[in-house]
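K.L.:
The following file, structure_11.txt, comprises compact mmCIF, C-alpha atoms:
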# COMPACT_ATOMS: atom_id res chain seq x y z
CA MET A 1 99.57 66.19 18.14
CA GLU A 2 99.97 69.23 15.92
CA MET A 3 102.73 69.32 13.31
CA ALA A 4 104.98 72.35 13.15
CA SER A 5 103.90 74.26 10.07
CA THR A 6 107.39 75.70 9.54
CA SER A 7 109.05 72.32 8.98
CA ILE A 8 106.77 71.01 6.21
CA THR A 9 106.04 72.70 2.92
CA LYS A 10 103.57 71.72 0.23
CA ASP A 11 106.33 70.48 -2.08
CA THR A 12 108.52 68.69 0.46
CA TYR A 13 107.59 65.15 -0.52
CA LYS A 14 105.54 63.32 -3.16
CA ILE A 15 104.45 59.77 -2.40
CA PRO A 16 105.54 57.24 -5.09
CA ASP A 17 103.06 56.81 -7.95
CA GLN A 18 102.84 53.03 -7.38
CA THR A 19 101.66 53.45 -3.77
CA ARG A 20 98.28 51.82 -3.04
CA ILE A 21 96.06 51.50 0.00
CA GLY A 22 96.73 47.92 1.06
CA HIS A 23 93.98 47.11 3.54
CA VAL A 24 91.48 48.45 6.01
CA HIS A 25 91.29 47.15 9.57
CA LEU A 26 87.97 47.71 11.33
CA LYS A 27 86.96 47.54 14.95
CA VAL A 28 83.67 45.64 15.06
CA SER A 29 81.25 44.82 17.86
CA ASN A 30 80.46 41.27 16.75
CA LEU A 31 82.90 39.25 14.66
CA GLU A 32 80.29 36.77 13.40
CA LYS A 33 77.98 39.53 12.14
CA ALA A 34 80.90 41.27 10.45
CA LEU A 35 81.98 37.99 8.82
CA GLY A 36 78.41 37.42 7.68
CA PHE A 37 78.56 40.72 5.82
CA TYR A 38 82.12 40.78 4.44
CA GLN A 39 82.65 37.05 3.87
CA TYR A 40 79.25 35.58 3.12
CA LEU A 41 77.38 38.52 1.58
CA LEU A 42 80.18 40.42 -0.21
CA GLY A 43 82.19 37.28 -0.94
CA PHE A 44 85.63 38.03 0.54
CA GLU A 45 87.68 34.92 1.34
CA LEU A 46 88.76 34.19 4.90
CA THR A 47 92.58 33.97 5.00
CA THR A 48 93.08 33.59 8.75
CA ARG A 49 91.18 33.85 11.98
CA TYR A 50 92.18 34.38 15.61
CA GLY A 51 89.41 32.64 17.53
CA ASN A 52 86.42 34.88 18.18
CA GLN A 53 88.50 38.07 18.28
CA ALA A 54 89.84 38.75 14.78
CA ALA A 55 89.61 37.67 11.16
CA PHE A 56 91.36 38.65 7.95
CA LEU A 57 89.71 38.55 4.53
CA SER A 58 90.96 38.83 0.98
CA ALA A 59 90.07 39.03 -2.67
CA GLY A 60 92.25 36.97 -4.98
CA GLY A 61 94.58 35.40 -2.43
CA TYR A 62 96.24 38.53 -1.02
CA HIS A 63 97.10 38.12 2.70
CA HIS A 64 94.27 40.49 3.60
CA HIS A 65 92.30 43.43 2.27
CA ILE A 66 90.02 43.64 5.31
CA GLY A 67 90.89 43.03 8.93
CA LEU A 68 88.15 42.74 11.54
CA ASN A 69 88.66 42.67 15.29
CA THR A 70 86.80 43.01 18.58
CA TRP A 71 89.91 43.73 20.68
CA ASN A 72 88.64 47.12 21.87
CA SER A 73 85.09 47.06 20.57
CA LYS A 74 83.27 43.84 21.54
CA ASP A 75 79.55 44.60 21.94
CA ALA A 76 80.23 48.35 21.58
CA PRO A 77 77.62 50.63 20.01
CA PRO A 78 78.24 52.06 16.52
CA ALA A 79 80.36 55.19 16.23
CA PRO A 80 78.25 58.36 16.09
CA GLU A 81 77.25 59.45 12.59
CA TYR A 82 78.34 63.03 13.25
CA GLY A 83 81.90 62.83 14.48
CA VAL A 84 85.41 62.17 13.26
CA GLY A 85 86.37 58.77 11.96
CA LEU A 86 86.21 56.62 8.85
CA TYR A 87 83.61 57.86 6.34
CA HIS A 88 83.60 54.67 4.29
CA THR A 89 85.70 51.84 2.97
CA ALA A 90 85.71 51.80 -0.83
CA ILE A 91 85.87 48.43 -2.56
CA LEU A 92 86.89 48.67 -6.23
CA PHE A 93 85.37 46.09 -8.58
CA PRO A 94 87.21 45.33 -11.84
CA THR A 95 84.26 45.81 -14.22
CA ARG A 96 80.81 47.33 -14.41
CA LYS A 97 79.38 43.82 -14.79
CA ASP A 98 81.02 42.81 -11.49
CA LEU A 99 79.36 45.81 -9.82
CA ALA A 100 76.04 44.74 -11.37
CA ILE A 101 76.48 41.21 -9.98
CA ILE A 102 77.06 42.41 -6.40
CA TYR A 103 74.20 44.91 -6.74
CA ASP A 104 71.87 42.12 -7.82
CA ARG A 105 73.12 39.88 -4.99
CA LEU A 106 72.53 42.56 -2.34
CA ARG A 107 69.15 43.45 -3.84
CA HIS A 108 68.00 39.82 -3.69
CA ALA A 109 69.24 39.59 -0.08
CA ASN A 110 67.12 42.69 0.71
CA TYR A 111 70.23 44.39 2.11
CA PRO A 112 69.54 48.12 2.52
CA PHE A 113 71.44 50.66 0.43
CA THR A 114 72.19 54.17 1.63
CA GLY A 115 72.75 55.53 -1.87
CA ALA A 116 73.91 55.04 -5.44
CA ALA A 117 75.77 57.56 -7.59
CA ASP A 118 77.44 58.24 -10.91
CA HIS A 119 80.59 60.25 -10.15
CA GLY A 120 81.75 60.65 -13.76
CA VAL A 121 84.98 58.78 -13.09
CA SER A 122 83.14 55.91 -11.39
CA GLU A 123 79.78 54.42 -10.52
CA ALA A 124 79.11 53.55 -6.89
CA LEU A 125 76.71 51.82 -4.52
CA TYR A 126 76.65 52.81 -0.85
CA LEU A 127 75.61 50.78 2.20
CA ASN A 128 76.57 50.25 5.82
CA ASP A 129 78.05 47.13 7.38
CA PRO A 130 76.41 45.67 10.53
CA ASP A 131 78.36 48.14 12.73
CA GLY A 132 77.26 51.17 10.72
CA ASN A 133 80.61 51.56 8.93
CA GLY A 134 80.09 53.06 5.50
CA VAL A 135 80.94 50.85 2.52
CA GLU A 136 81.26 52.01 -1.09
CA LEU A 137 81.17 49.38 -3.82
CA TYR A 138 82.30 50.86 -7.14
CA TRP A 139 84.01 50.45 -10.49
CA ASP A 140 86.14 53.00 -12.29
CA ARG A 141 85.41 53.96 -15.85
CA PRO A 142 88.48 53.71 -18.13
CA ARG A 143 90.71 56.79 -17.62
CA GLU A 144 90.16 57.95 -21.19
CA GLN A 145 86.44 58.32 -20.37
CA TRP A 146 86.93 60.44 -17.24
CA PRO A 147 85.37 63.89 -17.63
CA HIS A 148 87.63 66.94 -17.35
CA HIS A 149 87.07 70.65 -16.85
CA ALA A 150 88.42 73.07 -19.47
CA ASP A 151 91.52 73.61 -17.29
CA GLY A 152 92.34 69.87 -17.40
CA THR A 153 91.32 69.00 -13.83
CA LEU A 154 88.97 66.09 -13.22
CA GLU A 155 85.27 66.84 -13.24
CA MET A 156 83.89 64.63 -10.51
CA TYR A 157 80.23 64.98 -9.64
CA THR A 158 77.39 63.15 -7.93
CA ARG A 159 74.47 62.26 -10.16
CA ALA A 160 71.83 59.57 -9.94
CA LEU A 161 73.11 56.13 -10.93
CA ASP A 162 71.04 54.36 -13.59
CA LEU A 163 70.38 51.17 -11.63
CA ASP A 164 68.32 49.59 -14.43
CA GLY A 165 71.19 50.26 -16.82
CA LEU A 166 73.55 48.69 -14.33
CA LEU A 167 71.38 45.56 -14.14
CA ASN A 168 71.39 45.38 -17.97
CA GLU A 169 75.08 44.44 -17.63
CA LEU A 170 73.91 41.04 -16.38
CA ASP A 171 72.43 40.26 -19.81
CA GLN A 172 75.71 40.93 -21.63
Let me see the structure of the file written as structure tokens.
P.N.:
Amino acid sequence: MEMASTSITKDTYKIPDQTRIGHVHLKVSNLEKALGFYQYLLGFELTTRYGNQAAFLSAGGYHHHIGLNTWNSKDAPPAPEYGVGLYHTAILFPTRKDLAIIYDRLRHANYPFTGAADHGVSEALYLNDPDGNGVELYWDRPREQWPHHADGTLEMYTRALDLDGLLNELDQ
């Protein structure tokens, strides 16, 4: 459905500053494999489950940050890499040490990474869940440390992440 370009202008509406992305709900091919990744490997807590069709997971007691279901996707193949759809789900960790802990956990589990990057404003690890959905695990640097261009806009970039430096957080 295409929106009429004459009825919406760039300055028509600004979303409230306190708005946040509340949760992601993923279609998965196998609920148990998905739970193995999100619950047992990443450590999200199961808040509710609907038999073998759906589960909801949380960090810190929220009703859910991640929903998983097989309602329209049981035993389906992964979505094609080159097509429209979700690029990745980004999971924000509170501190660099917390990112180091999950990095070390995944490393010891021999879970494959698809990348790691320093973006200036954040540091991130990239991997795929069992269905090939992209997952970004990251922490934000404090806002006062975010790099800016001369004109005041954010300077976000993609540089190699110092993984040894990240692991040094575990000793602190």
K.L.:
If you count all atoms listed in the file, which residues fall within 10 Å of Ile91 in chain A, apart from same-chain ones fewer than 2 positions away, as a PyMOL selection string?
P.N.:
chain A and resi 65+88-89+93-94+124-125+135-139
K.L.:
Using only C-alpha atoms, which of the listed residues (A:Gly36, A:Gly67, A:Gly134, A:Pro77) sits closest to Ala90 in chain A?
P.N.:
A:Gly134
K.L.:
Show me a table, sorted first by chain and then by increasing residue number, of the residues of range 35-114 of chain A having an atom at most 10 Å from range 165-168 of chain A, each with its shortest atom pair and the distance in Å to one decimal, counting all atoms listed in the file and written as CSV.
P.N.:
residue,atom,partner,partner_atom,distance
A:Arg96,CA,A:Leu166,CA,7.4
A:Lys97,CA,A:Leu166,CA,7.6
A:Asp98,CA,A:Leu166,CA,9.9
A:Leu99,CA,A:Leu166,CA,7.9
A:Ala100,CA,A:Leu167,CA,5.5
A:Ile101,CA,A:Leu167,CA,7.9
A:Tyr103,CA,A:Leu167,CA,7.9
A:Asp104,CA,A:Leu167,CA,7.2
K.L.:
Limited to C-alpha atoms, could you put the picked residues into a file as a PDB file, keeping the file's coordinate frame?
P.N.:
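Output below, filename again_4.pdb:
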ATOM      1  CA  ARG A  96      80.810  47.330 -14.410  1.00  0.00           C
ATOM      2  CA  LYS A  97      79.380  43.820 -14.790  1.00  0.00           C
ATOM      3  CA  ASP A  98      81.020  42.810 -11.490  1.00  0.00           C
ATOM      4  CA  LEU A  99      79.360  45.810  -9.820  1.00  0.00           C
ATOM      5  CA  ALA A 100      76.040  44.740 -11.370  1.00  0.00           C
ATOM      6  CA  ILE A 101      76.480  41.210  -9.980  1.00  0.00           C
ATOM      7  CA  TYR A 103      74.200  44.910  -6.740  1.00  0.00           C
ATOM      8  CA  ASP A 104      71.870  42.120  -7.820  1.00  0.00           C
TER       9      ASP A 104
END
K.L.:
Quick one: residues within 10 Å of range 68-72 of chain A, all atoms listed in the file, excluding same-chain residues fewer than 6 positions away - as JSON, numbers by chain?
P.N.:
{"A": [24, 25, 26, 27, 28, 29, 30, 31, 34, 35, 38, 49, 50, 52, 53, 54, 55, 56, 57]}
K.L.:
Would you work out the distance separating CA of Pro80 in chain A from CA of Asp131 in chain A, expressed in Å to one decimal?
P.N.:
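Atom-to-atom, CA of Pro80 in chain A to CA of Asp131 in chain A, that is 10.8 Å.
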K.L.:
My list of candidates is A:Asp151, A:Thr47, A:Ser122, A:Trp146. Which is closest to Thr95 in chain A when distances are computed with only C-alpha atoms?
P.N.:
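Counting only C-alpha atoms, the residue closest to Thr95 in chain A is A:Ser122.
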K.L.:
Using all atoms listed in the file, which residue out of A:Pro130, A:Pro16, A:Gly51, A:Gly120 lies closest to Met156 in chain A?
P.N.:
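Under the stated criterion, the closest residue is A:Gly120.
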K.L.:
Quick one: distance from CA of Leu127 in chain A to CA of Ala76 in chain A in Å, one decimal?
P.N.:
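A separation of 20.1 Å between them.
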K.L.:
In Å, how far is it from CA of Asn128 in chain A to CA of Thr114 in chain A?
P.N.:
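About the pair CA of Asn128 in chain A and CA of Thr114 in chain A: they are 7.2 Å apart.
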K.L.:
Excluding Ala116 in chain A and its own-chain neighbours fewer than 5 positions away, which residues fall within 9 Å of it when counting only C-alpha atoms? Please give them as a VMD selection string.
P.N.:
chain A and resid 123 to 127 159 to 163
K.L.:
For Gly43 in chain A, which of A:Arg105, A:His63, A:Ser73, A:Ala79 is the closest residue, counting all atoms listed in the file?
P.N.:
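Smallest distance to Gly43 in chain A is found for A:Arg105.
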K.L.:
If we count all atoms listed in the file, what is near Pro147 in chain A at a cut-off of 12 Å, once residues fewer than 5 positions away on the same chain are taken out, given as a PDB file with C-alpha atoms, in the coordinates of the input?
P.N.:
ATOM      1  CA  ASP A 118      77.440  58.240 -10.910  1.00  0.00           C
ATOM      2  CA  HIS A 119      80.590  60.250 -10.150  1.00  0.00           C
ATOM      3  CA  GLY A 120      81.750  60.650 -13.760  1.00  0.00           C
ATOM      4  CA  VAL A 121      84.980  58.780 -13.090  1.00  0.00           C
ATOM      5  CA  SER A 122      83.140  55.910 -11.390  1.00  0.00           C
ATOM      6  CA  ARG A 141      85.410  53.960 -15.850  1.00  0.00           C
ATOM      7  CA  PRO A 142      88.480  53.710 -18.130  1.00  0.00           C
ATOM      8  CA  GLY A 152      92.340  69.870 -17.400  1.00  0.00           C
ATOM      9  CA  THR A 153      91.320  69.000 -13.830  1.00  0.00           C
ATOM     10  CA  LEU A 154      88.970  66.090 -13.220  1.00  0.00           C
ATOM     11  CA  GLU A 155      85.270  66.840 -13.240  1.00  0.00           C
ATOM     12  CA  MET A 156      83.890  64.630 -10.510  1.00  0.00           C
ATOM     13  CA  TYR A 157      80.230  64.980  -9.640  1.00  0.00           C
TER      14      TYR A 157
END
K.L.:
Smallest atom-to-atom distance to Leu86 in chain A: which of A:Arg20, A:Phe113, A:Thr158, A:Asn133, using all atoms listed in the file?
P.N.:
A:Asn133
